[in-house]
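**Student:** Before I ask anything, here is the structure I am working with.
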Amino acid sequence: MTDAIKSMQLYPRAERLLDDLAAIGIDDQTSLDVETLNRFDQLHYHGTEALDVAITQTGMKTGEQVLEIGSGWGGCARYLAHRSGAHVTAVELQDDYNRVAQDLTNRTGLAQGVTHLNADFLKAPLPRHGFDHAVSWLALFHIPDRARYLGKIYEALKPGGDFYAEDLYLIAPPDPAEQEDFQRHLFPNSLIDIESYHATLRDAGFEIADSTDMTEDWATFTATRLKAFREGRADYEAVHGADGYRVIETFYDKMAGYFARGLVGGIRFRARR
Ligand SMILES: C[S@@+](CC[C@H](N)C(=O)[O-])C[C@H]1O[C@@H](n2cnc3c(N)ncnc32)[C@H](O)[C@@H]1O
């Protein structure tokens with residue numbers, strides 16, 4: 001599955017973040033502060049603003065254990081640990097992302113607060129009832145076998161623990177002619193409609209405390225992101241080259257299109273075990 005996910009244009013080269021840092025004068029050995037890094041290490045919408053909402057809604061605090069599913073460069077995990085004082089176990093499928101994430105966590109001095117685990121979430125060894133919160137940003141739709149991963153999250157949470165996530169859902173499937181392209185660029189393995197989304201959470205034993213439809217907001221976000229990226233082309237190419245620009249532009253264009261054409265929607269929810 002690690003190779004398959006690389007078809008998505010967001011993921012080919014985890015080290016591109018180190019190029020962004022080098023461009024502002026931070027080399028591979030320099031220690032880092034979380035806030036500087038947050039300009040580059042967030043792979044979901046609205047960066048740390050979205051994470052602040054999570055901290056407030058879950059009441060995450062010092063001494064608690066948090067499980068993050070699909071942690072990418074570790075940007076969410078570091079910020080949560082830094083801001084809330086909780087300990088985060090960050091599970092990431094792609095080993096290059098996990099490697100860069102671990103390096104960045106070490107360099108921000110947060111190694112005590114974040115444990116990185118390079119694994120497919122479905123196979124990750126997790127303690128039973130070990131976590132106060134399970135969180136995830138834009139990763140769940142990638143993972144196959146929804147009933148199995150929801151069951152696994154349920155088992156990993158302490159009784160009374162909560163599950164907070166932002167994710168994509170399916171509004172309308174693409175035409176058959178676009179199906180292969182859609183699969184390649186989004187890598188969706190458990191994309192379902194919103195009613196089924198809620199039903200499968202309940203079937204897994206969760207009680208939904210809150211569910212917000214983010215579709216309109218994320219449609220605007222992805223369109224604005226694409227426009228800004230195109231306007232900043234020269235600066236981006238100066239750091240990442242023409243190929244690097246093309247790869248990310250393709251991904252941003254596809255995502256903005258999926259929202260604008262009403263294929264995918266966004267959900268933010270909090271559910272209780
Ligand atoms: C859009 S990124 C979001 C990363 C991070 N949550 C953030 O917002 O910065 C989704 C991440 O989920 C990871 N992922 C996908 N399938 C996974 C799986 N089965 N187990 C663990 N991680 C997975 C991907 O490799 C990717 O890094």
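Letters A, B, ... go to the chains of the structure tokens in the order shown; residues in each chain start at 1; ligands are counted from 1 in the same order.
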Write out as a list in words each polymer residue (protein, DNA or RNA) that has an atom no more than 6 Å from ligand 1, with only C-alpha atoms and all ligand atoms counted.
**Tutor:** Gln42, Leu43, His44, Ile69, Gly70, Ser71, Gly72, Gly75, Cys76, Val91, Glu92, Leu93, Gln94, Ala119, Asp120, Phe121, Ser136, Trp137, Leu138, Ala139, His142 and Ile143 of chain A
**Student:** Show me, as number ranges by chain, the residues that have an atom within 8 Å of region 60-65 of chain A when counting only C-alpha atoms, minus same-chain residues fewer than 6 positions from it.
**Tutor:** A: 84-89, 130-133
**Student:** For Arg270 (chain A), which residue out of A:Lys152, A:Lys158, A:His198, A:Arg83 is the nearest one, using only C-alpha atoms?
**Tutor:**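 Using only C-alpha atoms, Arg270 (chain A) sits closest to A:His198.
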**Student:** Within 12 Å of Thr48 (chain A), counting only C-alpha atoms, which residues qualify if same-chain residues fewer than 2 places away don't, as a list in words?
**Tutor:**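 The residues satisfying every condition are Val34, Glu35, Thr36, Leu37, Asn38, Arg39, Phe40, Asp41, Gln42, Leu43, His44, Tyr45, His46, Ala50, Leu51, Asp52, Val53, Ala54, Ile55, Gly75, Cys76, Ala77, Arg78, Tyr79, Leu80, His82, Arg83 and Trp137 of chain A.
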**Student:** I need the residues in region 96-141 of chain A that are strand (DSSP E) according to DSSP; give them as a PyMOL selection string.
**Tutor:** chain A and resi 114-118+131-137
**Student:** Could the residues in this selection be written to a file with C-alpha atoms, as a PDB file, in the first residue's frame?
**Tutor:**
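File part31.pdb, as written:
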ATOM      1  CA  VAL A 114       5.548  12.535  20.468  1.00  0.00           C
ATOM      2  CA  THR A 115       6.160   8.871  19.638  1.00  0.00           C
ATOM      3  CA  HIS A 116       6.284   8.148  15.908  1.00  0.00           C
ATOM      4  CA  LEU A 117       5.193   4.745  14.701  1.00  0.00           C
ATOM      5  CA  ASN A 118       5.807   3.775  11.068  1.00  0.00           C
ATOM      6  CA  PHE A 131      -5.748   6.504  24.832  1.00  0.00           C
ATOM      7  CA  ASP A 132      -7.896   9.386  26.055  1.00  0.00           C
ATOM      8  CA  HIS A 133      -8.346  10.756  22.512  1.00  0.00           C
ATOM      9  CA  ALA A 134      -8.003   9.438  18.969  1.00  0.00           C
ATOM     10  CA  VAL A 135      -7.563  12.131  16.307  1.00  0.00           C
ATOM     11  CA  SER A 136      -7.056  12.272  12.560  1.00  0.00           C
ATOM     12  CA  TRP A 137      -6.851  14.871   9.790  1.00  0.00           C
TER      13      TRP A 137
END
**Student:** For Lys227 (chain A), work out the shell of residues within 10 Å, counting only C-alpha atoms and skipping chain neighbours fewer than 2 positions away, then give it as JSON, numbers by chain.
**Tutor:** {"A": [222, 223, 224, 225, 229, 230, 231, 232, 249, 252, 253, 256]}
**Student:** Take the residues from that selection and write them out as a short mmCIF file (atom, residue, chain, number, x, y, z; two decimals), in the first residue's frame, keeping N, CA and C atoms.
**Tutor:**
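File part-v8.cif, as written:
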data_model
loop_
_atom_site.label_atom_id
_atom_site.label_comp_id
_atom_site.auth_asym_id
_atom_site.auth_seq_id
_atom_site.Cartn_x
_atom_site.Cartn_y
_atom_site.Cartn_z
N THR A 222 -9.78 25.15 -0.85
CA THR A 222 -8.97 24.51 -1.90
C THR A 222 -8.88 25.38 -3.16
N ALA A 223 -9.95 26.14 -3.46
CA ALA A 223 -9.92 27.04 -4.63
C ALA A 223 -8.94 28.20 -4.37
N THR A 224 -8.98 28.74 -3.16
CA THR A 224 -8.08 29.85 -2.80
C THR A 224 -6.62 29.38 -2.77
N ARG A 225 -6.43 28.17 -2.26
CA ARG A 225 -5.08 27.61 -2.19
C ARG A 225 -4.50 27.43 -3.58
N PHE A 229 -1.28 29.40 -5.04
CA PHE A 229 -0.13 28.59 -5.45
C PHE A 229 0.31 28.97 -6.87
N ARG A 230 -0.69 29.17 -7.73
CA ARG A 230 -0.36 29.56 -9.12
C ARG A 230 0.29 30.94 -9.15
N GLU A 231 -0.22 31.84 -8.32
CA GLU A 231 0.36 33.20 -8.29
C GLU A 231 1.80 33.16 -7.77
N GLY A 232 2.10 32.20 -6.91
CA GLY A 232 3.45 32.12 -6.32
C GLY A 232 4.37 31.18 -7.09
N GLU A 249 0.92 21.39 -8.07
CA GLU A 249 -0.15 22.11 -8.77
C GLU A 249 -1.22 21.12 -9.26
N TYR A 252 -3.31 20.11 -6.15
CA TYR A 252 -4.19 21.19 -5.69
C TYR A 252 -5.34 21.40 -6.68
N ASP A 253 -5.04 21.28 -7.97
CA ASP A 253 -6.05 21.46 -9.01
C ASP A 253 -7.11 20.34 -8.92
N ALA A 256 -9.30 20.89 -5.69
CA ALA A 256 -10.25 22.01 -5.85
C ALA A 256 -11.37 21.58 -6.79
#
**Student:** Check the smallest atom-to-atom distance from each of A:Leu191, A:Leu17, A:Ala234, A:Ala177 to Arg246 (chain A) using only C-alpha atoms, then report the winner.
**Tutor:**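 Looking only at the distances to Arg246 (chain A), the closest residue turns out to be A:Ala234.
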**Student:** Looking at only C-alpha atoms, which of A:Gly113, A:Pro176, A:Pro144, A:Gly205 is the one that sits closest to Arg272 (chain A)?
**Tutor:**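 Closest to Arg272 (chain A), using only C-alpha atoms: A:Gly205.
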**Student:** Could you state the separation of CA of Arg16 (chain A) and CA of Thr105 (chain A) in Å, given to one decimal place?
**Tutor:**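 Between these atoms lies a distance of 16.5 Å.
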**Student:** Would you mind writing down, as an MDAnalysis selection string, each residue of region 55-273 of chain A that DSSP on the backbone assigns to alpha helix (DSSP H)?
**Tutor:** chainID A and resid 55:58 75:84 95:107 146:156 176:186 194:203 215:231 233:260
**Student:** In Å, rounded to a single decimal, give me how far CA of Ala14 (chain A) is from CA of Val247 (chain A).
**Tutor:** 12.8 Å
